[in-house]
Amino acid sequence: MTPITPAHYLVLSAALFSIGLIGVLVRRNLIVIFMSIELMLNAVNINLVAFSQQWQHVVGQVFALFVVAVAAAEAAIGLGIILAFYRNKETVNVDEITLMRW
Amino acid sequence: MPTGYSANDLVLLLPEIVLTTGLLVVLVADLFTGRSRQHWLGWLTIGVLVATAVPIVALSGHATTAARGLLAVDGFGAFFKLLFVLAAAITVLISRQYLEVEQARPGEYYFLVLCATLGMMVMAAGIDLITLFIGLETMAVSFYVLTGFLRPNRRSNEAAIKYFVLGAFSLGILLYGMSLVYGLSGTTRLREVAVALATQSDSLALKLAVVLVAAGMAFKIAAVPFHMWAPDVYEGAPTPITAFLSVGSKAASFAMLLRLLLEGLPAMAPEWRGLFYVLAVLSMTVGNIAAITQGNVKRMLAYSSIAHAGYILIGIVTATPRGVTAMLVYLMIYAFMQMGAFGVLALLRRRDVVGDELKDLSGLFFRRPLAAFAMLVFMLSLGGIPPTAGFMGKFWLFSAAIEAGYVWLAVIGVLNSAISLYYYVRVVVFMWMREELESASVHPSPGVAVALTVAVAATIIIGVYPAPLFELAEASAKTLGMAPRVLSLR
(Lines give C-alpha, C1' and ligand atoms only; values in the text may rest on other atoms or scores of the structure.)
Protein backbone atom coordinates (compact mmCIF):
# COMPACT_ATOMS: atom_id res chain seq x y z
CA MET A 1 0.00 0.00 0.00
CA THR A 2 1.48 3.36 -0.99
CA PRO A 3 0.73 6.04 1.59
CA ILE A 4 -1.16 9.13 0.46
CA THR A 5 1.35 11.99 0.45
CA PRO A 6 0.77 15.76 0.06
CA ALA A 7 1.75 15.35 -3.60
CA HIS A 8 -1.37 13.27 -4.19
CA TYR A 9 -3.57 16.02 -2.79
CA LEU A 10 -1.84 18.61 -4.93
CA VAL A 11 -2.41 16.59 -8.09
CA LEU A 12 -6.09 16.21 -7.16
CA SER A 13 -6.37 19.91 -6.46
CA ALA A 14 -4.60 20.87 -9.71
CA ALA A 15 -6.94 18.60 -11.66
CA LEU A 16 -10.00 20.07 -9.97
CA PHE A 17 -8.75 23.61 -10.59
CA SER A 18 -8.15 22.85 -14.26
CA ILE A 19 -11.62 21.35 -14.65
CA GLY A 20 -13.11 24.49 -13.11
CA LEU A 21 -10.95 26.77 -15.27
CA ILE A 22 -11.94 24.96 -18.46
CA GLY A 23 -15.57 24.94 -17.36
CA VAL A 24 -15.58 28.74 -16.96
CA LEU A 25 -13.99 29.19 -20.37
CA VAL A 26 -16.08 26.79 -22.47
CA ARG A 27 -19.54 26.53 -20.88
CA ARG A 28 -22.27 28.97 -21.93
CA ASN A 29 -24.76 28.61 -19.10
CA LEU A 30 -24.28 31.13 -16.28
CA ILE A 31 -25.22 28.63 -13.57
CA VAL A 32 -22.72 26.07 -14.89
CA ILE A 33 -20.01 28.76 -15.10
CA PHE A 34 -20.80 29.65 -11.53
CA MET A 35 -20.48 26.01 -10.46
CA SER A 36 -17.13 25.80 -12.25
CA ILE A 37 -15.91 28.77 -10.23
CA GLU A 38 -16.97 26.93 -7.08
CA LEU A 39 -14.85 23.97 -8.25
CA MET A 40 -11.85 26.31 -8.51
CA LEU A 41 -12.43 27.57 -4.97
CA ASN A 42 -12.73 24.01 -3.67
CA ALA A 43 -9.44 23.13 -5.36
CA VAL A 44 -7.94 25.96 -3.31
CA ASN A 45 -9.46 24.45 -0.16
CA ILE A 46 -7.93 21.03 -0.85
CA ASN A 47 -4.56 22.73 -1.31
CA LEU A 48 -4.91 24.66 1.94
CA VAL A 49 -5.93 21.67 4.02
CA ALA A 50 -3.18 19.48 2.50
CA PHE A 51 -0.55 22.11 3.28
CA SER A 52 -2.00 22.53 6.74
CA GLN A 53 -1.49 18.79 7.31
CA GLN A 54 2.04 18.99 5.92
CA TRP A 55 3.08 21.89 8.16
CA GLN A 56 1.31 20.40 11.17
CA HIS A 57 -0.61 23.52 12.15
CA VAL A 58 -4.19 24.76 11.69
CA VAL A 59 -3.58 27.99 9.79
CA GLY A 60 -4.41 26.45 6.44
CA GLN A 61 -7.64 24.99 7.80
CA VAL A 62 -8.65 28.39 9.16
CA PHE A 63 -7.90 29.88 5.74
CA ALA A 64 -10.05 27.17 4.13
CA LEU A 65 -12.96 27.99 6.47
CA PHE A 66 -12.75 31.63 5.44
CA VAL A 67 -12.76 30.60 1.79
CA VAL A 68 -15.88 28.49 2.41
CA ALA A 69 -17.63 31.40 4.14
CA VAL A 70 -16.75 33.84 1.38
CA ALA A 71 -17.83 31.35 -1.29
CA ALA A 72 -21.21 31.12 0.46
CA ALA A 73 -21.57 34.90 0.49
CA GLU A 74 -20.60 35.05 -3.16
CA ALA A 75 -23.11 32.34 -4.02
CA ALA A 76 -25.91 34.35 -2.39
CA ILE A 77 -24.95 37.55 -4.20
CA GLY A 78 -24.22 35.81 -7.48
CA LEU A 79 -27.50 33.93 -7.65
CA GLY A 80 -29.31 37.15 -6.79
CA ILE A 81 -27.61 38.94 -9.66
CA ILE A 82 -28.33 36.07 -12.06
CA LEU A 83 -31.98 36.09 -10.97
CA ALA A 84 -32.28 39.86 -11.53
CA PHE A 85 -30.83 39.36 -14.99
CA TYR A 86 -33.20 36.48 -15.73
CA ARG A 87 -36.24 38.56 -14.80
CA ASN A 88 -35.37 41.15 -17.44
CA LYS A 89 -34.02 38.92 -20.13
CA GLU A 90 -35.52 35.42 -19.58
CA THR A 91 -32.22 33.66 -20.27
CA VAL A 92 -29.07 32.56 -18.47
CA ASN A 93 -27.00 32.00 -21.61
CA VAL A 94 -23.87 34.14 -21.79
CA ASP A 95 -24.09 34.31 -25.58
CA GLU A 96 -27.16 36.50 -25.16
CA ILE A 97 -25.49 39.05 -22.88
CA THR A 98 -24.88 41.35 -25.81
CA LEU A 99 -26.14 44.79 -24.86
CA MET A 100 -22.65 46.24 -24.42
CA ARG A 101 -19.88 45.47 -26.85
CA TRP A 102 -17.05 47.47 -28.12
CA MET B 1 5.24 39.34 21.47
CA PRO B 2 1.48 39.81 21.20
CA THR B 3 -0.44 36.82 22.46
CA GLY B 4 -3.98 38.11 22.36
CA TYR B 5 -6.10 41.15 21.82
CA SER B 6 -5.61 44.06 24.16
CA ALA B 7 -7.28 47.39 24.78
CA ASN B 8 -4.53 48.89 22.68
CA ASP B 9 -5.89 47.01 19.67
CA LEU B 10 -9.20 48.82 20.09
CA VAL B 11 -7.40 52.12 19.77
CA LEU B 12 -5.32 51.02 16.79
CA LEU B 13 -8.39 49.67 15.00
CA LEU B 14 -10.48 52.76 15.71
CA PRO B 15 -10.93 53.80 12.04
CA GLU B 16 -12.34 50.38 11.15
CA ILE B 17 -14.47 50.24 14.30
CA VAL B 18 -15.96 53.70 13.71
CA LEU B 19 -16.71 52.88 10.08
CA THR B 20 -18.31 49.51 10.95
CA THR B 21 -20.49 51.09 13.62
CA GLY B 22 -21.39 53.91 11.25
CA LEU B 23 -22.42 51.66 8.39
CA LEU B 24 -24.70 49.70 10.72
CA VAL B 25 -26.23 52.96 11.94
CA VAL B 26 -26.89 53.98 8.31
CA LEU B 27 -28.55 50.63 7.61
CA VAL B 28 -30.83 50.92 10.66
CA ALA B 29 -31.54 54.61 10.08
CA ASP B 30 -32.77 53.70 6.61
CA LEU B 31 -35.60 51.72 8.21
CA PHE B 32 -36.78 54.68 10.25
CA THR B 33 -36.61 57.46 7.68
CA GLY B 34 -39.59 58.16 5.48
CA ARG B 35 -39.34 58.49 1.74
CA SER B 36 -39.41 62.29 1.90
CA ARG B 37 -36.49 62.55 4.32
CA GLN B 38 -34.16 60.11 2.63
CA HIS B 39 -31.67 62.79 1.66
CA TRP B 40 -30.64 62.93 5.31
CA LEU B 41 -29.12 59.49 4.88
CA GLY B 42 -26.61 61.01 2.47
CA TRP B 43 -25.50 63.55 5.03
CA LEU B 44 -25.42 60.86 7.74
CA THR B 45 -23.10 58.84 5.49
CA ILE B 46 -20.85 61.86 4.98
CA GLY B 47 -20.81 62.27 8.76
CA VAL B 48 -19.69 58.65 9.22
CA LEU B 49 -16.88 59.16 6.71
CA VAL B 50 -15.69 62.33 8.43
CA ALA B 51 -15.79 60.52 11.78
CA THR B 52 -13.67 57.74 10.24
CA ALA B 53 -11.13 60.19 8.86
CA VAL B 54 -10.37 61.63 12.32
CA PRO B 55 -8.79 58.48 13.86
CA ILE B 56 -7.03 57.70 10.56
CA VAL B 57 -5.20 61.03 10.74
CA ALA B 58 -4.57 60.62 14.47
CA LEU B 59 -3.01 57.17 13.97
CA SER B 60 -1.03 58.03 10.84
CA GLY B 61 2.22 58.52 12.75
CA HIS B 62 2.29 54.96 14.14
CA ALA B 63 4.39 52.17 12.72
CA THR B 64 3.12 49.06 14.42
CA THR B 65 0.76 46.14 13.96
CA ALA B 66 -2.64 45.44 15.44
CA ALA B 67 -4.82 42.36 16.02
CA ARG B 68 -1.94 39.92 16.60
CA GLY B 69 -0.08 41.08 13.52
CA LEU B 70 -2.95 40.74 11.08
CA LEU B 71 -3.15 44.44 10.24
CA ALA B 72 -0.44 47.06 9.92
CA VAL B 73 -1.04 50.49 11.42
CA ASP B 74 1.34 52.70 9.49
CA GLY B 75 1.60 55.76 7.28
CA PHE B 76 1.19 53.73 4.11
CA GLY B 77 -2.15 52.37 5.29
CA ALA B 78 -3.26 55.79 6.57
CA PHE B 79 -2.51 57.43 3.20
CA PHE B 80 -4.65 54.92 1.36
CA LYS B 81 -7.42 54.96 3.96
CA LEU B 82 -7.71 58.74 3.60
CA LEU B 83 -7.86 58.31 -0.16
CA PHE B 84 -10.71 55.78 0.18
CA VAL B 85 -12.67 57.95 2.62
CA LEU B 86 -12.27 60.91 0.28
CA ALA B 87 -13.37 58.92 -2.77
CA ALA B 88 -16.35 57.51 -0.84
CA ALA B 89 -17.38 61.01 0.29
CA ILE B 90 -17.27 62.35 -3.28
CA THR B 91 -19.23 59.29 -4.43
CA VAL B 92 -21.95 59.95 -1.87
CA LEU B 93 -22.08 63.64 -2.81
CA ILE B 94 -22.58 62.96 -6.52
CA SER B 95 -24.98 60.05 -5.88
CA ARG B 96 -28.03 61.75 -4.42
CA GLN B 97 -29.19 63.59 -7.52
CA TYR B 98 -28.40 60.55 -9.67
CA LEU B 99 -30.39 58.19 -7.44
CA GLU B 100 -33.37 60.54 -7.47
CA VAL B 101 -33.41 60.51 -11.26
CA GLU B 102 -33.09 56.73 -11.28
CA GLN B 103 -35.76 56.44 -8.54
CA ALA B 104 -33.59 54.02 -6.58
CA ARG B 105 -33.71 53.71 -2.79
CA PRO B 106 -30.60 55.25 -1.26
CA GLY B 107 -30.51 53.38 2.09
CA GLU B 108 -28.84 50.12 1.07
CA TYR B 109 -26.82 52.03 -1.50
CA TYR B 110 -25.03 54.16 1.09
CA PHE B 111 -24.64 51.12 3.34
CA LEU B 112 -22.92 49.21 0.52
CA VAL B 113 -20.67 52.16 -0.35
CA LEU B 114 -19.50 52.17 3.27
CA CYS B 115 -19.03 48.36 3.24
CA ALA B 116 -16.85 48.68 0.15
CA THR B 117 -14.84 51.41 1.86
CA LEU B 118 -14.31 49.14 4.87
CA GLY B 119 -13.07 46.36 2.60
CA MET B 120 -10.64 48.75 0.91
CA MET B 121 -9.28 49.89 4.27
CA VAL B 122 -8.58 46.29 5.27
CA MET B 123 -6.88 45.70 1.90
CA ALA B 124 -4.55 48.63 2.48
CA ALA B 125 -3.72 47.65 6.05
CA GLY B 126 -3.65 43.84 5.84
CA ILE B 127 -0.30 42.10 6.19
CA ASP B 128 -1.69 38.59 6.29
CA LEU B 129 -2.94 36.63 3.30
CA ILE B 130 -6.27 35.84 5.01
CA THR B 131 -6.90 39.45 6.04
CA LEU B 132 -6.08 40.76 2.57
CA PHE B 133 -8.38 38.22 0.97
CA ILE B 134 -11.26 39.04 3.32
CA GLY B 135 -10.80 42.77 2.67
CA LEU B 136 -10.76 42.17 -1.07
CA GLU B 137 -13.97 40.16 -0.91
CA THR B 138 -15.76 42.65 1.37
CA MET B 139 -15.05 45.26 -1.27
CA ALA B 140 -15.79 43.08 -4.29
CA VAL B 141 -19.10 41.67 -3.02
CA SER B 142 -20.33 45.20 -2.19
CA PHE B 143 -19.37 46.33 -5.68
CA TYR B 144 -21.14 43.38 -7.34
CA VAL B 145 -24.38 44.54 -5.74
CA LEU B 146 -23.76 48.24 -6.37
CA THR B 147 -22.99 47.62 -10.05
CA GLY B 148 -26.35 45.90 -10.46
CA PHE B 149 -28.15 48.32 -8.17
CA LEU B 150 -30.50 49.63 -10.89
CA ARG B 151 -32.44 46.39 -11.10
CA PRO B 152 -34.91 47.33 -13.88
CA ASN B 153 -32.01 48.58 -16.03
CA ARG B 154 -30.70 45.88 -18.37
CA ARG B 155 -27.31 47.50 -18.82
CA SER B 156 -26.86 47.53 -15.06
CA ASN B 157 -27.86 43.82 -14.89
CA GLU B 158 -25.38 42.89 -17.58
CA ALA B 159 -22.60 44.85 -15.96
CA ALA B 160 -23.22 43.12 -12.62
CA ILE B 161 -23.19 39.66 -14.22
CA LYS B 162 -19.95 40.32 -16.07
CA TYR B 163 -18.29 41.84 -13.05
CA PHE B 164 -19.43 39.03 -10.78
CA VAL B 165 -18.37 36.16 -13.06
CA LEU B 166 -14.97 37.63 -13.87
CA GLY B 167 -14.46 38.85 -10.31
CA ALA B 168 -15.16 35.42 -8.83
CA PHE B 169 -13.02 33.78 -11.52
CA SER B 170 -10.08 36.06 -10.75
CA LEU B 171 -10.58 35.40 -7.03
CA GLY B 172 -10.20 31.67 -7.70
CA ILE B 173 -6.91 32.29 -9.52
CA LEU B 174 -5.62 34.64 -6.83
CA LEU B 175 -6.53 32.22 -4.03
CA TYR B 176 -4.83 29.32 -5.77
CA GLY B 177 -1.69 31.44 -5.95
CA MET B 178 -2.06 32.38 -2.29
CA SER B 179 -2.52 28.75 -1.27
CA LEU B 180 0.76 27.89 -3.01
CA VAL B 181 2.52 30.80 -1.27
CA TYR B 182 1.20 29.47 2.05
CA GLY B 183 2.21 25.93 1.18
CA LEU B 184 5.77 26.91 0.28
CA SER B 185 6.36 29.20 3.24
CA GLY B 186 4.20 27.58 5.93
CA THR B 187 2.71 30.87 7.09
CA THR B 188 0.16 33.44 5.97
CA ARG B 189 1.88 36.44 7.58
CA LEU B 190 3.46 38.39 4.73
CA ARG B 191 6.58 39.35 6.64
CA GLU B 192 7.19 35.77 7.71
CA VAL B 193 6.52 34.66 4.14
CA ALA B 194 9.28 37.01 3.03
CA VAL B 195 11.70 35.50 5.56
CA ALA B 196 10.76 31.93 4.66
CA LEU B 197 11.04 32.48 0.91
CA ALA B 198 14.33 34.42 1.13
CA THR B 199 16.25 31.22 1.78
CA GLN B 200 14.43 29.07 -0.74
CA SER B 201 15.70 28.24 -4.16
CA ASP B 202 13.56 29.21 -7.12
CA SER B 203 11.14 26.37 -7.60
CA LEU B 204 8.61 25.98 -10.35
CA ALA B 205 5.82 26.04 -7.76
CA LEU B 206 7.01 29.40 -6.43
CA LYS B 207 7.07 30.86 -9.94
CA LEU B 208 3.59 29.51 -10.56
CA ALA B 209 2.41 31.08 -7.29
CA VAL B 210 3.80 34.49 -8.29
CA VAL B 211 2.22 34.28 -11.74
CA LEU B 212 -1.18 33.30 -10.31
CA VAL B 213 -1.15 36.04 -7.67
CA ALA B 214 -0.07 38.60 -10.27
CA ALA B 215 -2.80 37.48 -12.68
CA GLY B 216 -5.47 37.60 -9.96
CA MET B 217 -4.48 41.11 -8.95
CA ALA B 218 -4.14 42.25 -12.57
CA PHE B 219 -7.85 41.45 -12.96
CA LYS B 220 -8.66 43.74 -10.07
CA ILE B 221 -6.59 46.67 -11.32
CA ALA B 222 -7.90 46.04 -14.87
CA ALA B 223 -4.51 45.66 -16.53
CA VAL B 224 -4.35 44.32 -20.10
CA PRO B 225 -4.84 41.40 -20.87
CA PHE B 226 -7.09 41.00 -17.83
CA HIS B 227 -9.18 44.09 -18.57
CA MET B 228 -12.10 42.66 -20.58
CA TRP B 229 -14.63 43.28 -17.83
CA ALA B 230 -13.80 46.93 -17.20
CA PRO B 231 -15.40 48.75 -20.18
CA ASP B 232 -18.69 46.87 -19.90
CA VAL B 233 -18.90 47.20 -16.12
CA TYR B 234 -17.96 50.90 -16.16
CA GLU B 235 -20.57 51.59 -18.83
CA GLY B 236 -23.42 49.68 -17.21
CA ALA B 237 -22.91 50.57 -13.54
CA PRO B 238 -24.57 53.68 -12.05
CA THR B 239 -22.20 56.58 -12.85
CA PRO B 240 -21.22 57.43 -9.24
CA ILE B 241 -20.41 53.74 -8.68
CA THR B 242 -18.32 53.71 -11.85
CA ALA B 243 -16.37 56.61 -10.37
CA PHE B 244 -15.89 54.81 -7.04
CA LEU B 245 -14.99 51.56 -8.80
CA SER B 246 -12.40 53.14 -11.05
CA VAL B 247 -10.76 55.06 -8.21
CA GLY B 248 -11.37 53.24 -4.92
CA SER B 249 -11.22 49.66 -6.13
CA LYS B 250 -8.16 50.38 -8.25
CA ALA B 251 -6.28 52.20 -5.50
CA ALA B 252 -7.14 49.47 -2.97
CA SER B 253 -5.95 46.76 -5.35
CA PHE B 254 -2.70 48.65 -5.91
CA ALA B 255 -2.25 48.98 -2.14
CA MET B 256 -2.82 45.24 -1.71
CA LEU B 257 -0.47 44.48 -4.61
CA LEU B 258 2.26 46.60 -3.00
CA ARG B 259 1.78 44.83 0.33
CA LEU B 260 1.88 41.41 -1.34
CA LEU B 261 4.92 42.09 -3.51
CA LEU B 262 7.08 44.32 -1.33
CA GLU B 263 6.26 42.84 2.08
CA GLY B 264 5.61 39.23 1.14
CA LEU B 265 7.43 38.41 -2.09
CA PRO B 266 10.48 40.71 -2.31
CA ALA B 267 12.64 37.65 -2.94
CA MET B 268 10.79 37.07 -6.20
CA ALA B 269 11.34 40.62 -7.49
CA PRO B 270 13.11 39.64 -10.74
CA GLU B 271 10.13 37.46 -11.69
CA TRP B 272 7.33 39.91 -10.93
CA ARG B 273 9.22 42.88 -12.30
CA GLY B 274 9.33 41.23 -15.71
CA LEU B 275 5.65 40.29 -15.51
CA PHE B 276 4.50 43.78 -14.59
CA TYR B 277 6.80 45.37 -17.18
CA VAL B 278 4.87 43.53 -19.87
CA LEU B 279 1.50 44.30 -18.23
CA ALA B 280 2.36 48.01 -17.93
CA VAL B 281 3.36 48.35 -21.58
CA LEU B 282 0.30 46.41 -22.78
CA SER B 283 -2.10 48.35 -20.55
CA MET B 284 -0.82 51.76 -21.59
CA THR B 285 -0.83 50.96 -25.30
CA VAL B 286 -4.03 48.92 -25.62
CA GLY B 287 -5.95 51.18 -23.23
CA ASN B 288 -5.12 54.36 -25.09
CA ILE B 289 -5.63 52.98 -28.57
CA ALA B 290 -8.98 51.42 -27.67
CA ALA B 291 -10.13 54.64 -25.98
CA ILE B 292 -9.73 56.58 -29.24
CA THR B 293 -12.53 54.66 -30.95
CA GLN B 294 -15.15 55.07 -28.21
CA GLY B 295 -18.28 57.18 -28.66
CA ASN B 296 -19.51 56.64 -25.10
CA VAL B 297 -17.70 58.80 -22.57
CA LYS B 298 -18.01 56.31 -19.70
CA ARG B 299 -16.53 53.62 -21.94
CA MET B 300 -13.80 55.97 -23.08
CA LEU B 301 -12.94 56.75 -19.45
CA ALA B 302 -12.89 53.00 -18.77
CA TYR B 303 -10.23 52.45 -21.41
CA SER B 304 -8.42 55.54 -20.20
CA SER B 305 -8.44 54.08 -16.68
CA ILE B 306 -6.88 50.90 -18.07
CA ALA B 307 -4.14 53.07 -19.55
CA HIS B 308 -3.71 54.85 -16.22
CA ALA B 309 -3.34 51.47 -14.49
CA GLY B 310 -0.47 50.93 -16.93
CA TYR B 311 1.18 54.22 -15.94
CA ILE B 312 0.82 53.39 -12.24
CA LEU B 313 2.28 49.89 -12.78
CA ILE B 314 5.54 51.63 -13.74
CA GLY B 315 5.97 52.30 -10.02
CA ILE B 316 5.68 48.56 -9.26
CA VAL B 317 8.21 47.69 -11.95
CA THR B 318 10.78 50.05 -10.45
CA ALA B 319 9.99 48.83 -6.89
CA THR B 320 12.11 51.67 -5.51
CA PRO B 321 10.97 54.01 -2.71
CA ARG B 322 10.84 56.75 -5.35
CA GLY B 323 8.62 54.62 -7.57
CA VAL B 324 6.25 53.75 -4.73
CA THR B 325 6.05 57.43 -3.75
CA ALA B 326 5.17 58.33 -7.32
CA MET B 327 2.45 55.67 -7.30
CA LEU B 328 0.90 57.08 -4.14
CA VAL B 329 1.00 60.61 -5.52
CA TYR B 330 -0.48 59.51 -8.81
CA LEU B 331 -3.29 57.51 -7.20
CA MET B 332 -4.30 60.51 -5.08
CA ILE B 333 -4.26 62.85 -8.09
CA TYR B 334 -6.07 60.26 -10.18
CA ALA B 335 -8.77 60.04 -7.49
CA PHE B 336 -9.58 63.74 -7.84
CA MET B 337 -9.53 64.00 -11.61
CA GLN B 338 -11.31 60.72 -12.32
CA MET B 339 -14.02 61.24 -9.67
CA GLY B 340 -14.50 64.76 -11.00
CA ALA B 341 -14.92 63.64 -14.60
CA PHE B 342 -17.53 61.07 -13.58
CA GLY B 343 -19.17 63.68 -11.35
CA VAL B 344 -19.80 65.87 -14.42
CA LEU B 345 -21.22 62.86 -16.26
CA ALA B 346 -23.51 62.02 -13.32
CA LEU B 347 -24.73 65.61 -13.45
CA LEU B 348 -25.82 65.15 -17.06
CA ARG B 349 -28.12 62.24 -16.18
CA ARG B 350 -31.73 63.34 -16.53
CA ARG B 351 -35.03 61.50 -16.72
CA ASP B 352 -34.97 61.01 -20.49
CA VAL B 353 -31.25 61.37 -21.22
CA VAL B 354 -28.61 58.87 -20.14
CA GLY B 355 -26.02 61.59 -20.63
CA ASP B 356 -22.95 59.45 -21.18
CA GLU B 357 -22.61 59.65 -24.97
CA LEU B 358 -20.11 62.10 -26.39
CA LYS B 359 -22.90 63.99 -28.15
CA ASP B 360 -24.64 64.60 -24.83
CA LEU B 361 -21.76 66.90 -23.96
CA SER B 362 -22.37 69.02 -27.08
CA GLY B 363 -22.47 72.70 -26.29
CA LEU B 364 -22.20 72.06 -22.55
CA PHE B 365 -20.21 75.27 -22.26
CA PHE B 366 -23.24 77.31 -23.36
CA ARG B 367 -25.59 75.52 -20.98
CA ARG B 368 -23.40 75.13 -17.90
CA PRO B 369 -20.14 77.03 -18.30
CA LEU B 370 -18.88 76.04 -14.85
CA ALA B 371 -19.48 72.32 -15.39
CA ALA B 372 -17.78 72.59 -18.77
CA PHE B 373 -14.82 74.36 -17.19
CA ALA B 374 -14.55 71.61 -14.54
CA MET B 375 -14.63 68.93 -17.25
CA LEU B 376 -11.92 70.87 -19.13
CA VAL B 377 -9.67 70.81 -16.06
CA PHE B 378 -10.22 67.06 -15.54
CA MET B 379 -9.57 66.21 -19.20
CA LEU B 380 -6.37 68.25 -19.31
CA SER B 381 -5.24 66.68 -16.05
CA LEU B 382 -6.00 63.14 -17.26
CA GLY B 383 -4.06 63.96 -20.42
CA GLY B 384 -1.14 65.23 -18.36
CA ILE B 385 -1.00 68.88 -19.45
CA PRO B 386 0.74 71.37 -17.12
CA PRO B 387 -0.13 73.16 -14.86
CA THR B 388 -2.65 70.51 -13.78
CA ALA B 389 -1.99 67.79 -11.21
CA GLY B 390 -1.96 65.03 -13.83
CA PHE B 391 1.22 66.46 -15.29
CA MET B 392 3.05 66.36 -11.95
CA GLY B 393 1.88 62.79 -11.34
CA LYS B 394 3.12 61.56 -14.71
CA PHE B 395 6.36 63.53 -14.35
CA TRP B 396 7.20 61.75 -11.08
CA LEU B 397 6.25 58.32 -12.37
CA PHE B 398 8.35 58.66 -15.50
CA SER B 399 11.32 60.21 -13.69
CA ALA B 400 11.20 57.35 -11.14
CA ALA B 401 11.34 54.93 -14.08
CA ILE B 402 14.36 56.69 -15.61
CA GLU B 403 16.10 56.82 -12.24
CA ALA B 404 15.65 53.07 -11.81
CA GLY B 405 17.04 52.48 -15.30
CA TYR B 406 13.79 51.77 -17.13
CA VAL B 407 14.23 54.44 -19.78
CA TRP B 408 12.20 52.63 -22.42
CA LEU B 409 9.27 52.30 -20.05
CA ALA B 410 9.28 56.07 -19.57
CA VAL B 411 9.53 56.64 -23.33
CA ILE B 412 6.55 54.36 -23.96
CA GLY B 413 4.65 56.20 -21.22
CA VAL B 414 5.33 59.61 -22.76
CA LEU B 415 4.34 58.43 -26.23
CA ASN B 416 1.12 57.03 -24.80
CA SER B 417 0.33 60.30 -23.04
CA ALA B 418 0.59 61.98 -26.43
CA ILE B 419 -1.87 59.49 -27.94
CA SER B 420 -4.27 59.98 -25.03
CA LEU B 421 -4.49 63.73 -25.65
CA TYR B 422 -6.46 63.04 -28.82
CA TYR B 423 -9.49 61.61 -27.07
CA TYR B 424 -9.38 63.91 -24.04
CA VAL B 425 -9.29 67.00 -26.26
CA ARG B 426 -12.14 65.59 -28.33
CA VAL B 427 -14.38 65.85 -25.25
CA VAL B 428 -13.39 69.51 -24.91
CA VAL B 429 -14.11 70.10 -28.61
CA PHE B 430 -17.61 68.73 -28.16
CA MET B 431 -18.27 70.96 -25.15
CA TRP B 432 -17.13 74.18 -26.83
CA MET B 433 -17.53 73.84 -30.56
CA ARG B 434 -20.65 71.78 -31.16
CA GLU B 435 -24.22 73.04 -31.32
CA GLU B 436 -26.13 72.10 -28.22
CA LEU B 437 -28.67 69.38 -28.83
CA GLU B 438 -31.54 70.43 -26.63
CA SER B 439 -31.92 73.12 -24.07
CA ALA B 440 -33.06 71.07 -21.06
CA SER B 441 -30.85 72.58 -18.40
CA VAL B 442 -29.03 70.61 -15.74
CA HIS B 443 -29.15 71.93 -12.20
CA PRO B 444 -26.44 70.67 -9.90
CA SER B 445 -27.51 69.89 -6.36
CA PRO B 446 -25.42 71.40 -3.54
CA GLY B 447 -23.70 68.01 -3.07
CA VAL B 448 -22.55 67.78 -6.67
CA ALA B 449 -21.43 71.40 -6.60
CA VAL B 450 -19.32 70.81 -3.49
CA ALA B 451 -17.81 67.60 -4.92
CA LEU B 452 -16.89 69.21 -8.24
CA THR B 453 -15.46 72.31 -6.56
CA VAL B 454 -13.25 70.20 -4.31
CA ALA B 455 -12.07 68.06 -7.24
CA VAL B 456 -11.29 71.06 -9.48
CA ALA B 457 -9.53 72.91 -6.68
CA ALA B 458 -7.43 69.88 -5.76
CA THR B 459 -6.51 69.19 -9.38
CA ILE B 460 -5.29 72.75 -9.91
CA ILE B 461 -3.67 73.30 -6.51
CA ILE B 462 -1.70 70.04 -6.59
CA GLY B 463 -0.61 70.95 -10.12
CA VAL B 464 0.71 74.33 -9.05
CA TYR B 465 2.01 73.49 -5.59
CA PRO B 466 2.65 69.74 -5.37
CA ALA B 467 5.29 69.70 -2.61
CA PRO B 468 3.01 68.90 0.39
CA LEU B 469 1.37 65.92 -1.31
CA PHE B 470 4.72 64.63 -2.49
CA GLU B 471 6.23 64.89 0.99
CA LEU B 472 3.22 63.17 2.55
CA ALA B 473 3.42 60.35 -0.01
CA GLU B 474 7.17 60.03 0.49
CA ALA B 475 6.80 59.71 4.25
CA SER B 476 3.95 57.19 3.79
CA ALA B 477 5.82 55.08 1.24
CA LYS B 478 8.77 54.82 3.62
CA THR B 479 6.70 53.04 6.24
CA LEU B 480 5.83 50.18 3.89
CA GLY B 481 7.31 47.07 5.46
CA MET B 482 8.90 49.08 8.27
CA ALA B 483 6.67 48.06 11.18
CA PRO B 484 8.42 45.79 13.68
CA ARG B 485 8.46 42.20 12.64
CA VAL B 486 5.96 40.11 14.55
CA LEU B 487 7.53 36.92 15.80
CA SER B 488 5.82 33.68 15.05
CA LEU B 489 3.10 32.61 17.43
CA ARG B 490 3.41 29.01 16.47
# chains A, B, ... in the order shown; residues from 1 in each chain; ligands from 1
>>> interface_residues(of="chain A", to="chain B", cutoff="6 Å", atoms="only C-alpha atoms", output="ChimeraX atom specification")
/A:37,40-41,44,48,51,85
>>> residues_around(residues="stretch 367-379 of chain B", least_positions_apart="3", cutoff="10 Å", atoms="only C-alpha atoms", output="ChimeraX atom specification")
/B:334,336-345,347-348,361-364,382-385,387-390,421,423-429,431-432,436,438-444,449,452-453,455-457,459-460
>>> residues_around(residues="B:Phe226", least_positions_apart="2", cutoff="12 Å", atoms="only C-alpha atoms", output="list in words")
Leu166, Gly167, Phe169, Ser170, Ala214, Ala215, Gly216, Met217, Ala218, Phe219, Lys220, Ile221, Ala222, Ala223, Val224, Met228, Trp229, Ala230, Pro231, Leu279, Ala280, Leu282, Ser283, Val286, Gly287, Ile306, Ala309 and Gly310 of chain B
>>> closest_residue(among="B:Leu12, B:Met268, B:Ile419, B:Leu99", to="B:Ala78", atoms="only C-alpha atoms")
B:Leu12
